[in-house]
Structures are given as structure tokens and as C-alpha cells.
Amino acid sequence: MVTMDSSIAGCVSSAMKGKLDDGRREILHSRIARLGEILPSIRDDENASNYFTHLYQAGKLAAEFDDARRA
């Protein structure tokens with residue numbers, strides 16, 4: 001989960017500065033997909049669930065912004 005956190009947060013930070021390079025774009029999309037699969041399994045831990053849900057949402061928004069920049 002630490003790697004998931006740092007990977008997505010780093011990509012979100014980069015996306016806020018401009019268009020993501022292909023490597024970061026792939027990392028962001030793959031980590032978002034994987035986190036979406038993991039979220040249901042951490043619902044019992046309210047703090048972790050809240051944190052990673054927000055991280056997931058931030059990642060999704062960053063991916064949407066990056067996709068819009070590419071269009």
C-alpha cells in the first residue's frame with residue numbers, strides 16, 4: 001500500500017504540473033485500476049478506507065485531466 005500511495009501521489013503531483021509522460025500515464029492508470037480492486041478489502045479499516053478512497057478519487061481526476069490535455 002505504501003508503494004500504491006507514493007506511485008499515485010507522485011503521478012497526481014506531476015499531472016498538476018502538466019501533461020504526463022507515457023510512463024507516468026501508464027503507472028497512474030494501472031495503479032488506479034489496482035486500487036479500485038483493493039478498496040473493498042480494506043473497508044473494515046475506516047481510516048485506511050477513507051485515505052485510499054480519497055487517493056483513488058484524486059488519481060481518477062488526475063487521469064481525466066491528463067486525458068483532456070491529450071485530446
# chains A, B, ... in the order shown; residues from 1 in each chain; ligands from 1
$ residues_around --residues "segment 29-41 of chain A" --least-positions-apart "2" --cutoff "9 Å" --atoms "only C-alpha atoms" --output "list in words"
Met1, Met4, Ser7, Ile8, Arg24, Arg25, Glu26, Ile27, Arg43, Asp44, Ser49, Phe52, Thr53, Leu55, Tyr56, Gln57, Gly59, Lys60 and Ala63 of chain A
$ residues_around --residues "Ala15 of chain A" --least-positions-apart "3" --cutoff "12 Å" --atoms "only C-alpha atoms" --output "mmCIF file with N, CA and C atoms, in the first residue's frame"
data_model
loop_
_atom_site.group_PDB
_atom_site.id
_atom_site.type_symbol
_atom_site.label_atom_id
_atom_site.label_comp_id
_atom_site.auth_asym_id
_atom_site.auth_seq_id
_atom_site.Cartn_x
_atom_site.Cartn_y
_atom_site.Cartn_z
ATOM 1 N N ILE A 8 0.757 6.743 -6.927
ATOM 2 C CA ILE A 8 -0.385 7.562 -7.341
ATOM 3 C C ILE A 8 -0.160 9.018 -6.970
ATOM 4 N N ALA A 9 0.300 9.277 -5.747
ATOM 5 C CA ALA A 9 0.528 10.661 -5.325
ATOM 6 C C ALA A 9 1.560 11.352 -6.218
ATOM 7 N N GLY A 10 2.611 10.646 -6.582
ATOM 8 C CA GLY A 10 3.614 11.217 -7.477
ATOM 9 C C GLY A 10 3.044 11.547 -8.841
ATOM 10 N N CYS A 11 2.219 10.667 -9.362
ATOM 11 C CA CYS A 11 1.601 10.914 -10.665
ATOM 12 C C CYS A 11 0.604 12.066 -10.596
ATOM 13 N N VAL A 12 -0.142 12.149 -9.506
ATOM 14 C CA VAL A 12 -1.083 13.256 -9.328
ATOM 15 C C VAL A 12 -0.307 14.574 -9.290
ATOM 16 N N GLY A 18 1.495 19.492 -15.468
ATOM 17 C CA GLY A 18 1.411 19.427 -16.923
ATOM 18 C C GLY A 18 1.104 18.018 -17.388
ATOM 19 N N LYS A 19 1.174 17.819 -18.687
ATOM 20 C CA LYS A 19 0.858 16.521 -19.287
ATOM 21 C C LYS A 19 1.841 15.463 -18.805
ATOM 22 N N LEU A 20 1.325 14.288 -18.468
ATOM 23 C CA LEU A 20 2.156 13.178 -18.014
ATOM 24 C C LEU A 20 2.893 12.542 -19.191
ATOM 25 N N ASP A 21 4.106 12.075 -18.929
ATOM 26 C CA ASP A 21 4.791 11.302 -19.958
ATOM 27 C C ASP A 21 4.139 9.924 -20.024
ATOM 28 N N ASP A 22 4.460 9.170 -21.046
ATOM 29 C CA ASP A 22 3.802 7.882 -21.262
ATOM 30 C C ASP A 22 3.997 6.920 -20.086
ATOM 31 N N ARG A 24 4.539 7.615 -16.796
ATOM 32 C CA ARG A 24 3.717 8.011 -15.644
ATOM 33 C C ARG A 24 2.235 7.794 -15.925
ATOM 34 N N ARG A 25 1.842 8.043 -17.161
ATOM 35 C CA ARG A 25 0.435 7.828 -17.523
ATOM 36 C C ARG A 25 0.049 6.358 -17.334
ATOM 37 N N LEU A 28 -0.072 5.541 -13.575
ATOM 38 C CA LEU A 28 -1.285 6.083 -12.953
ATOM 39 C C LEU A 28 -2.500 5.226 -13.280
ATOM 40 N N ALA A 58 -8.498 11.189 -6.299
ATOM 41 C CA ALA A 58 -7.511 12.140 -6.809
ATOM 42 C C ALA A 58 -6.815 11.575 -8.044
ATOM 43 N N GLY A 59 -6.499 10.298 -8.009
ATOM 44 C CA GLY A 59 -5.874 9.653 -9.159
ATOM 45 C C GLY A 59 -6.778 9.650 -10.378
ATOM 46 N N LYS A 60 -8.048 9.371 -10.156
ATOM 47 C CA LYS A 60 -9.011 9.379 -11.262
ATOM 48 C C LYS A 60 -9.113 10.776 -11.877
ATOM 49 N N LEU A 61 -9.178 11.798 -11.021
ATOM 50 C CA LEU A 61 -9.251 13.170 -11.529
ATOM 51 C C LEU A 61 -7.992 13.545 -12.312
ATOM 52 N N ALA A 62 -6.837 13.173 -11.791
ATOM 53 C CA ALA A 62 -5.588 13.462 -12.482
ATOM 54 C C ALA A 62 -5.561 12.781 -13.848
ATOM 55 N N ALA A 63 -6.035 11.552 -13.911
ATOM 56 C CA ALA A 63 -6.079 10.829 -15.185
ATOM 57 C C ALA A 63 -7.041 11.513 -16.156
ATOM 58 N N GLU A 64 -8.173 11.984 -15.652
ATOM 59 C CA GLU A 64 -9.130 12.681 -16.501
ATOM 60 C C GLU A 64 -8.542 13.992 -17.038
ATOM 61 N N PHE A 65 -7.850 14.750 -16.183
ATOM 62 C CA PHE A 65 -7.213 15.984 -16.619
ATOM 63 C C PHE A 65 -6.151 15.693 -17.672
ATOM 64 N N ASP A 66 -5.365 14.656 -17.429
ATOM 65 C CA ASP A 66 -4.320 14.302 -18.380
ATOM 66 C C ASP A 66 -4.927 13.875 -19.711
ATOM 67 N N ASP A 67 -5.990 13.094 -19.661
ATOM 68 C CA ASP A 67 -6.667 12.685 -20.907
ATOM 69 C C ASP A 67 -7.198 13.900 -21.664
ATOM 70 N N ALA A 68 -7.748 14.880 -20.921
ATOM 71 C CA ALA A 68 -8.276 16.094 -21.556
ATOM 72 C C ALA A 68 -7.136 16.894 -22.206
ATOM 73 N N ARG A 69 -5.988 16.937 -21.582
ATOM 74 C CA ARG A 69 -4.848 17.655 -22.170
ATOM 75 C C ARG A 69 -4.394 17.002 -23.461
ATOM 76 N N ARG A 70 -4.546 15.699 -23.549
ATOM 77 C CA ARG A 70 -4.115 14.968 -24.735
ATOM 78 C C ARG A 70 -5.103 15.092 -25.887
#
$ select_by_dssp --residues "chain A" --states "alpha helix (DSSP H)" --output "PyMOL selection string"
chain A and resi 2-17+22-38+46-70
$ closest_residue --among "A:Gly23, A:Lys17, A:Glu46, A:Tyr51" --to "Val2 of chain A" --atoms "only C-alpha atoms"
A:Tyr51
$ decode --residues "segment 3-31 of chain A" --atoms "N, CA and C atoms" --output "mmCIF file, in the first residue's frame"
data_model
loop_
_atom_site.group_PDB
_atom_site.id
_atom_site.type_symbol
_atom_site.label_atom_id
_atom_site.label_comp_id
_atom_site.auth_asym_id
_atom_site.auth_seq_id
_atom_site.Cartn_x
_atom_site.Cartn_y
_atom_site.Cartn_z
ATOM 1 N N THR A 3 3.688 1.654 -1.600
ATOM 2 C CA THR A 3 4.061 1.868 -3.000
ATOM 3 C C THR A 3 2.879 2.409 -3.798
ATOM 4 N N MET A 4 1.703 1.890 -3.525
ATOM 5 C CA MET A 4 0.496 2.372 -4.188
ATOM 6 C C MET A 4 0.320 3.865 -3.905
ATOM 7 N N ASP A 5 0.475 4.234 -2.641
ATOM 8 C CA ASP A 5 0.329 5.620 -2.219
ATOM 9 C C ASP A 5 1.342 6.512 -2.922
ATOM 10 N N SER A 6 2.605 6.157 -2.856
ATOM 11 C CA SER A 6 3.633 7.019 -3.431
ATOM 12 C C SER A 6 3.533 7.087 -4.957
ATOM 13 N N SER A 7 3.170 5.989 -5.595
ATOM 14 C CA SER A 7 3.042 5.982 -7.055
ATOM 15 C C SER A 7 1.924 6.901 -7.519
ATOM 16 N N ILE A 8 0.757 6.743 -6.927
ATOM 17 C CA ILE A 8 -0.385 7.562 -7.341
ATOM 18 C C ILE A 8 -0.160 9.018 -6.970
ATOM 19 N N ALA A 9 0.300 9.277 -5.747
ATOM 20 C CA ALA A 9 0.528 10.661 -5.325
ATOM 21 C C ALA A 9 1.560 11.352 -6.218
ATOM 22 N N GLY A 10 2.611 10.646 -6.582
ATOM 23 C CA GLY A 10 3.614 11.217 -7.477
ATOM 24 C C GLY A 10 3.044 11.547 -8.841
ATOM 25 N N CYS A 11 2.219 10.667 -9.362
ATOM 26 C CA CYS A 11 1.601 10.914 -10.665
ATOM 27 C C CYS A 11 0.604 12.066 -10.596
ATOM 28 N N VAL A 12 -0.142 12.149 -9.506
ATOM 29 C CA VAL A 12 -1.083 13.256 -9.328
ATOM 30 C C VAL A 12 -0.307 14.574 -9.290
ATOM 31 N N SER A 13 0.772 14.601 -8.541
ATOM 32 C CA SER A 13 1.599 15.805 -8.456
ATOM 33 C C SER A 13 2.139 16.200 -9.830
ATOM 34 N N SER A 14 2.609 15.242 -10.578
ATOM 35 C CA SER A 14 3.127 15.515 -11.921
ATOM 36 C C SER A 14 2.023 15.999 -12.850
ATOM 37 N N ALA A 15 0.832 15.409 -12.734
ATOM 38 C CA ALA A 15 -0.294 15.800 -13.589
ATOM 39 C C ALA A 15 -0.741 17.221 -13.298
ATOM 40 N N MET A 16 -0.549 17.681 -12.079
ATOM 41 C CA MET A 16 -0.924 19.055 -11.742
ATOM 42 C C MET A 16 0.020 20.060 -12.389
ATOM 43 N N LYS A 17 1.205 19.613 -12.761
ATOM 44 C CA LYS A 17 2.204 20.494 -13.374
ATOM 45 C C LYS A 17 2.122 20.508 -14.894
ATOM 46 N N GLY A 18 1.495 19.492 -15.468
ATOM 47 C CA GLY A 18 1.411 19.427 -16.923
ATOM 48 C C GLY A 18 1.104 18.018 -17.388
ATOM 49 N N LYS A 19 1.174 17.819 -18.687
ATOM 50 C CA LYS A 19 0.858 16.521 -19.287
ATOM 51 C C LYS A 19 1.841 15.463 -18.805
ATOM 52 N N LEU A 20 1.325 14.288 -18.468
ATOM 53 C CA LEU A 20 2.156 13.178 -18.014
ATOM 54 C C LEU A 20 2.893 12.542 -19.191
ATOM 55 N N ASP A 21 4.106 12.075 -18.929
ATOM 56 C CA ASP A 21 4.791 11.302 -19.958
ATOM 57 C C ASP A 21 4.139 9.924 -20.024
ATOM 58 N N ASP A 22 4.460 9.170 -21.046
ATOM 59 C CA ASP A 22 3.802 7.882 -21.262
ATOM 60 C C ASP A 22 3.997 6.920 -20.086
ATOM 61 N N GLY A 23 5.179 6.918 -19.495
ATOM 62 C CA GLY A 23 5.449 6.023 -18.372
ATOM 63 C C GLY A 23 4.594 6.345 -17.163
ATOM 64 N N ARG A 24 4.539 7.615 -16.796
ATOM 65 C CA ARG A 24 3.717 8.011 -15.644
ATOM 66 C C ARG A 24 2.235 7.794 -15.925
ATOM 67 N N ARG A 25 1.842 8.043 -17.161
ATOM 68 C CA ARG A 25 0.435 7.828 -17.523
ATOM 69 C C ARG A 25 0.049 6.358 -17.334
ATOM 70 N N GLU A 26 0.918 5.461 -17.784
ATOM 71 C CA GLU A 26 0.657 4.024 -17.636
ATOM 72 C C GLU A 26 0.643 3.624 -16.168
ATOM 73 N N ILE A 27 1.580 4.143 -15.389
ATOM 74 C CA ILE A 27 1.621 3.842 -13.955
ATOM 75 C C ILE A 27 0.341 4.316 -13.291
ATOM 76 N N LEU A 28 -0.072 5.541 -13.575
ATOM 77 C CA LEU A 28 -1.285 6.083 -12.953
ATOM 78 C C LEU A 28 -2.500 5.226 -13.280
ATOM 79 N N HIS A 29 -2.690 4.907 -14.543
ATOM 80 C CA HIS A 29 -3.857 4.113 -14.928
ATOM 81 C C HIS A 29 -3.827 2.709 -14.309
ATOM 82 N N SER A 30 -2.669 2.088 -14.280
ATOM 83 C CA SER A 30 -2.598 0.733 -13.726
ATOM 84 C C SER A 30 -2.792 0.738 -12.210
ATOM 85 N N ARG A 31 -2.233 1.733 -11.528
ATOM 86 C CA ARG A 31 -2.392 1.814 -10.064
ATOM 87 C C ARG A 31 -3.828 2.147 -9.676
#
